[in-house]
Amino acid sequence: MLTKPKGTYDVLPKDAIAWDKLESTIRKICKIYHYDEIRTPIFESSDTFHRNTADTSDMVTKETYDFKDRSDRALTLRPEGTAGVVRAYIENKMYATSGLSKLYYIGPMFRYERPQKGRSRQFHQFGVEALGSNSYLLDAEVIALGTSVIKALGLKGVKVKINSLGDTETKERYHQVLTEYFSKCQSELCEDCLERLQKNPLRILDCKVDCGKEFFKNAPKIKDYMTESAKSHFEGVLKMLDEMKIDYEIEDRLVRGLDYYCHTVFEIQADIPEFGAQNALGGGGRYDHLVHDLGGPEIPGVGMAFGMDRLLSACQLAGKNLYQPPYLHIFFIGLGQASKEACLTQMNICRLGGLYCDMDFLGKSLKAQFKQADEAHAQFTCILGDNELSQFKINIKNNLTEEQTTISLYEVYPYVLNQIQQRSACAGCKEKEEK
Ligand code: HAM
């Protein structure tokens, strides 16, 4: 039997409903915040991700799916959305037509990681990238958008962990301080950190092996080396989070797993015990040099991405059910072959008018067809026997009220539409009365 590749999963129809709901929530919030959708390829030229040999993030150095196509081009399955979006932004000269581009994306990403709870090799991200402004207001807006998604899903106990990596001058100062500090503890560093010490000592702060050790806990903190302008950018972001009443915690060891960040970095974590170490629902930060590093002009950017799989498990564990049972407006039952044909024709008219309809195609018994209508949560069942057909009539049952009536065969669509509209008008009035 063929099986799916390790670290991947199938989304079966029942689960696809929750995915659909999640995606529509995300799209709605992006519209509210005035972010436009962008769709980029799931594979890019490898240089988009492997920009230089100084890359030190695990994701870029160890986890990408790299391959050659039949013309020997080096390609990489995207491990994240930011680099591809920035590539598209530059290639399509989006900076020339718009001062600020606010973009969002939804789609699969690929990382060759050890599959475990909360970590797959193909997973889905929803992300936003705002390109064109270095204002701290935009960092705050991106975080606000992220927390709005969480709120809209009804998740509680969610924390924003935030830090600043400062500007280039701050990073250079801190780089030097960390190099001196960690050079003195070389005997205690893991193999990876020894390499990180040479290339980018900041990455040591992200190490899952050394993080419990004493020397690690006593490492110098970046906040003590910030330039005045970097400090004021960070203070601006925090002020806005306070103003917008967004809960956050400053985490001065937070550096994030990607090399392109500067200034604000943040993670949105879920306080869900079952999540264990993989508790980051999302994360992001500012990247003021990535556009330039990928061959574009010096244009700053800020963004974030959520793991959609993790958002869904968080909802499930928190008892927030995104699953809404599907329903039909009408289930048609034809009792003879001619009636079945007439049902299909009427059903098509109703479908063209936007009603959700279905009928049996397997030659099921009458009882089994009623059961099918029930399981499909049909609001109406239309039953057509050859007798009624000869008089151009059809029986229709309102499954909610159990009322049955006979109408003209050609009236099914207007009849059901009218009933549905009346019901939703009543529901609207009732809602108003309750308010
Ligand atoms: P990231 O932290 O690498 O950031 O990924 C963002 C989120 O994707 C994580 O918080 C997690 O929820 C989810 N995620 C990552 N790896 C996996 C995996 N193997 N399985 C399931 N979920 C996973 C980025 O990707 C940046 N591009 C975010 C960003 C956008 N920064 C600026 N703009």
# chains A, B, ... in the order shown; residues from 1 in each chain; ligands from 1
>>> closest_atom_pairs(of="chain A", to="ligand 1", cutoff="6 Å", atoms="only C-alpha atoms and all ligand atoms", output="tab-separated table")
residue	atom	partner	partner_atom_place_in_ligand_line	distance
A:Glu80	CA	ligand 1	25 (O)	4.4
A:Gly81	CA	ligand 1	27 (N)	5.3
A:Thr82	CA	ligand 1	27 (N)	4.7
A:Arg111	CA	ligand 1	19 (N)	5.7
A:Gly118	CA	ligand 1	21 (C)	5.1
A:Arg119	CA	ligand 1	20 (N)	3.3
A:Ser120	CA	ligand 1	20 (N)	4.1
A:Arg121	CA	ligand 1	19 (N)	5.4
A:Phe123	CA	ligand 1	21 (C)	5.0
A:Gln125	CA	ligand 1	8 (O)	5.8
A:Gly127	CA	ligand 1	30 (C)	5.9
A:Glu129	CA	ligand 1	33 (N)	5.6
A:Ala280	CA	ligand 1	10 (O)	4.6
A:Leu281	CA	ligand 1	12 (O)	4.1
A:Gly282	CA	ligand 1	10 (O)	3.3
A:Gly283	CA	ligand 1	2 (O)	4.9
A:Gly284	CA	ligand 1	31 (N)	3.6
A:Gly285	CA	ligand 1	32 (C)	5.0
A:Val302	CA	ligand 1	32 (C)	5.8
A:Gly303	CA	ligand 1	33 (N)	3.4
A:Met304	CA	ligand 1	30 (C)	3.5
A:Ala305	CA	ligand 1	28 (C)	4.3
A:Phe306	CA	ligand 1	7 (C)	4.5
A:Gly307	CA	ligand 1	12 (O)	3.4
A:Arg310	CA	ligand 1	12 (O)	5.7
>>> write_last_selection(atoms="N, CA and C atoms", output="compact mmCIF listing (two decimals), in the first residue's frame")
# COMPACT_ATOMS: atom_id res chain seq x y z
N GLU A 80 9.57 28.77 4.50
CA GLU A 80 8.85 29.87 5.14
C GLU A 80 8.38 30.83 4.03
N GLY A 81 7.53 31.78 4.37
CA GLY A 81 6.96 32.63 3.33
C GLY A 81 7.69 33.93 3.06
N THR A 82 8.41 34.43 4.07
CA THR A 82 8.96 35.80 3.97
C THR A 82 9.88 35.99 2.76
N ARG A 111 9.81 21.79 5.81
CA ARG A 111 11.07 21.78 6.57
C ARG A 111 11.42 20.34 6.91
N GLY A 118 3.24 18.88 16.76
CA GLY A 118 3.43 20.31 16.45
C GLY A 118 4.52 20.58 15.42
N ARG A 119 5.16 19.54 14.93
CA ARG A 119 6.19 19.72 13.89
C ARG A 119 6.00 18.72 12.77
N SER A 120 5.74 19.22 11.58
CA SER A 120 5.60 18.34 10.43
C SER A 120 6.62 18.77 9.39
N ARG A 121 6.77 17.94 8.39
CA ARG A 121 7.70 18.31 7.30
C ARG A 121 6.97 19.15 6.25
N PHE A 123 3.84 21.66 6.50
CA PHE A 123 2.87 22.27 7.41
C PHE A 123 2.35 23.53 6.73
N GLN A 125 1.30 27.66 6.87
CA GLN A 125 1.46 28.93 7.57
C GLN A 125 0.49 29.96 7.02
N GLY A 127 0.76 34.05 7.02
CA GLY A 127 1.73 35.08 7.38
C GLY A 127 1.37 36.42 6.80
N GLU A 129 3.31 40.27 5.69
CA GLU A 129 4.55 41.03 5.51
C GLU A 129 4.14 42.45 5.14
N ALA A 280 4.91 27.68 20.40
CA ALA A 280 4.79 28.93 19.65
C ALA A 280 3.74 28.77 18.55
N LEU A 281 2.67 29.54 18.69
CA LEU A 281 1.64 29.50 17.63
C LEU A 281 2.15 30.27 16.43
N GLY A 282 2.93 31.29 16.71
CA GLY A 282 3.45 32.11 15.62
C GLY A 282 4.56 33.01 16.10
N GLY A 283 5.16 33.67 15.15
CA GLY A 283 6.24 34.58 15.52
C GLY A 283 6.62 35.44 14.34
N GLY A 284 7.40 36.46 14.64
CA GLY A 284 7.82 37.32 13.55
C GLY A 284 8.73 38.40 14.04
N GLY A 285 8.86 39.43 13.23
CA GLY A 285 9.72 40.53 13.62
C GLY A 285 10.03 41.42 12.44
N VAL A 302 8.41 44.33 8.05
CA VAL A 302 8.08 43.66 9.32
C VAL A 302 6.96 42.67 9.03
N GLY A 303 6.98 41.53 9.71
CA GLY A 303 5.94 40.54 9.44
C GLY A 303 5.87 39.48 10.51
N MET A 304 5.02 38.54 10.30
CA MET A 304 4.90 37.41 11.24
C MET A 304 4.18 36.27 10.54
N ALA A 305 4.33 35.08 11.11
CA ALA A 305 3.61 33.93 10.55
C ALA A 305 3.12 33.03 11.68
N PHE A 306 1.97 32.45 11.47
CA PHE A 306 1.39 31.48 12.40
C PHE A 306 1.46 30.09 11.76
N GLY A 307 1.68 29.07 12.55
CA GLY A 307 1.52 27.70 12.08
C GLY A 307 0.04 27.40 12.15
N ARG A 310 -0.90 24.36 14.14
CA ARG A 310 -0.86 24.58 15.60
C ARG A 310 -2.07 25.38 16.05
>>> residues_around(residues="segment 204-217 of chain A", least_positions_apart="3", cutoff="7 Å", atoms="only C-alpha atoms", output="list of chain:residue names")
A:Leu189, A:Cys190, A:Cys193, A:Arg196, A:Pro201, A:Arg253, A:Val255, A:Arg256, A:Gly257
>>> closest_residue(among="A:Ala88, A:Ile246, A:Ile42, A:Ile106", to="Thr76 of chain A", atoms="only C-alpha atoms")
A:Ile42
>>> residues_around(residues="Trp19 of chain A", least_positions_apart="2", cutoff="10 Å", atoms="only C-alpha atoms", output="MDAnalysis selection string")
chainID A and resid 11 13:17 21:25 308:309 311:312 322:323
>>> atom_distance(atom1="atom CA of Thr170 of chain A", atom2="atom CA of Lys221 of chain A")
11.4 Å
>>> select_by_dssp(residues="segment 318-404 of chain A", states="alpha helix (DSSP H)", output="PyMOL selection string")
chain A and resi 337-352+366-375+386-390
>>> residues_around(residues="Gly166 of chain A", least_positions_apart="4", cutoff="7 Å", atoms="only C-alpha atoms", output="ChimeraX atom specification")
/A:170-171,226,230,262-263
>>> write_last_selection(atoms="N, CA, C and O atoms", output="short mmCIF file (atom, residue, chain, number, x, y, z; two decimals), in the first residue's frame")
data_model
loop_
_atom_site.label_atom_id
_atom_site.label_comp_id
_atom_site.auth_asym_id
_atom_site.auth_seq_id
_atom_site.Cartn_x
_atom_site.Cartn_y
_atom_site.Cartn_z
N THR A 170 23.75 48.22 17.16
CA THR A 170 23.50 47.43 18.37
C THR A 170 23.96 45.99 18.15
O THR A 170 24.64 45.40 18.99
N LYS A 171 23.56 45.45 17.00
CA LYS A 171 23.88 44.04 16.72
C LYS A 171 25.39 43.83 16.66
O LYS A 171 25.90 42.83 17.14
N MET A 226 22.02 48.52 23.53
CA MET A 226 21.18 49.16 22.51
C MET A 226 21.58 50.61 22.25
O MET A 226 21.85 51.34 23.20
N ALA A 230 17.56 52.66 18.63
CA ALA A 230 16.96 51.32 18.71
C ALA A 230 16.07 51.21 19.94
O ALA A 230 14.98 50.65 19.91
N CYS A 262 15.97 42.24 12.79
CA CYS A 262 16.58 43.33 13.55
C CYS A 262 15.43 43.95 14.35
O CYS A 262 14.28 43.62 14.13
N HIS A 263 15.75 44.86 15.23
CA HIS A 263 14.72 45.52 16.08
C HIS A 263 13.76 44.50 16.71
O HIS A 263 14.19 43.50 17.26
#
>>> atom_distance(atom1="atom CA of Pro325 of chain A", atom2="atom CA of Leu384 of chain A")
26.8 Å
>>> closest_residue(among="A:Pro326, A:Gly301, A:Gly107, A:Pro220", to="Ala376 of chain A", atoms="only C-alpha atoms")
A:Pro326
>>> decode(residues="segment 407-424 of chain A", atoms="N, CA and C atoms", output="PDB file, in the first residue's frame")
ATOM      1  N   ILE A 407     -46.317  20.645  -4.224  1.00  0.00           N
ATOM      2  CA  ILE A 407     -46.227  21.884  -5.012  1.00  0.00           C
ATOM      3  C   ILE A 407     -45.964  21.528  -6.474  1.00  0.00           C
ATOM      4  N   SER A 408     -46.019  22.536  -7.329  1.00  0.00           N
ATOM      5  CA  SER A 408     -45.719  22.294  -8.743  1.00  0.00           C
ATOM      6  C   SER A 408     -44.236  21.946  -8.869  1.00  0.00           C
ATOM      7  N   LEU A 409     -43.920  21.035  -9.745  1.00  0.00           N
ATOM      8  CA  LEU A 409     -42.535  20.598  -9.947  1.00  0.00           C
ATOM      9  C   LEU A 409     -41.628  21.786 -10.274  1.00  0.00           C
ATOM     10  N   TYR A 410     -42.217  22.780 -10.944  1.00  0.00           N
ATOM     11  CA  TYR A 410     -41.400  23.923 -11.381  1.00  0.00           C
ATOM     12  C   TYR A 410     -41.251  25.008 -10.309  1.00  0.00           C
ATOM     13  N   GLU A 411     -41.890  24.747  -9.165  1.00  0.00           N
ATOM     14  CA  GLU A 411     -41.858  25.774  -8.119  1.00  0.00           C
ATOM     15  C   GLU A 411     -40.851  25.480  -7.014  1.00  0.00           C
ATOM     16  N   VAL A 412     -40.130  24.357  -7.163  1.00  0.00           N
ATOM     17  CA  VAL A 412     -39.255  23.938  -6.050  1.00  0.00           C
ATOM     18  C   VAL A 412     -38.291  25.061  -5.667  1.00  0.00           C
ATOM     19  N   TYR A 413     -37.615  25.594  -6.697  1.00  0.00           N
ATOM     20  CA  TYR A 413     -36.592  26.613  -6.385  1.00  0.00           C
ATOM     21  C   TYR A 413     -37.190  27.837  -5.691  1.00  0.00           C
ATOM     22  N   PRO A 414     -38.233  28.513  -6.295  1.00  0.00           N
ATOM     23  CA  PRO A 414     -38.759  29.704  -5.603  1.00  0.00           C
ATOM     24  C   PRO A 414     -39.361  29.380  -4.243  1.00  0.00           C
ATOM     25  N   TYR A 415     -39.979  28.188  -4.121  1.00  0.00           N
ATOM     26  CA  TYR A 415     -40.619  27.813  -2.853  1.00  0.00           C
ATOM     27  C   TYR A 415     -39.576  27.726  -1.737  1.00  0.00           C
ATOM     28  N   VAL A 416     -38.494  26.958  -2.010  1.00  0.00           N
ATOM     29  CA  VAL A 416     -37.469  26.756  -0.961  1.00  0.00           C
ATOM     30  C   VAL A 416     -36.764  28.071  -0.661  1.00  0.00           C
ATOM     31  N   LEU A 417     -36.462  28.821  -1.699  1.00  0.00           N
ATOM     32  CA  LEU A 417     -35.774  30.105  -1.495  1.00  0.00           C
ATOM     33  C   LEU A 417     -36.606  31.017  -0.594  1.00  0.00           C
ATOM     34  N   ASN A 418     -37.895  31.071  -0.871  1.00  0.00           N
ATOM     35  CA  ASN A 418     -38.799  31.899  -0.087  1.00  0.00           C
ATOM     36  C   ASN A 418     -38.820  31.463   1.383  1.00  0.00           C
ATOM     37  N   GLN A 419     -38.898  30.153   1.596  1.00  0.00           N
ATOM     38  CA  GLN A 419     -38.927  29.628   2.967  1.00  0.00           C
ATOM     39  C   GLN A 419     -37.641  29.978   3.724  1.00  0.00           C
ATOM     40  N   ILE A 420     -36.521  29.829   3.021  1.00  0.00           N
ATOM     41  CA  ILE A 420     -35.221  30.112   3.659  1.00  0.00           C
ATOM     42  C   ILE A 420     -35.131  31.595   4.021  1.00  0.00           C
ATOM     43  N   GLN A 421     -35.577  32.454   3.080  1.00  0.00           N
ATOM     44  CA  GLN A 421     -35.499  33.901   3.327  1.00  0.00           C
ATOM     45  C   GLN A 421     -36.393  34.300   4.494  1.00  0.00           C
ATOM     46  N   GLN A 422     -37.586  33.697   4.543  1.00  0.00           N
ATOM     47  CA  GLN A 422     -38.502  34.011   5.647  1.00  0.00           C
ATOM     48  C   GLN A 422     -37.881  33.627   6.967  1.00  0.00           C
ATOM     49  N   ARG A 423     -37.249  32.420   6.962  1.00  0.00           N
ATOM     50  CA  ARG A 423     -36.670  31.937   8.213  1.00  0.00           C
ATOM     51  C   ARG A 423     -35.519  32.843   8.662  1.00  0.00           C
ATOM     52  N   SER A 424     -34.679  33.256   7.696  1.00  0.00           N
ATOM     53  CA  SER A 424     -33.551  34.093   8.146  1.00  0.00           C
ATOM     54  C   SER A 424     -34.041  35.473   8.573  1.00  0.00           C
TER      55      SER A 424
END
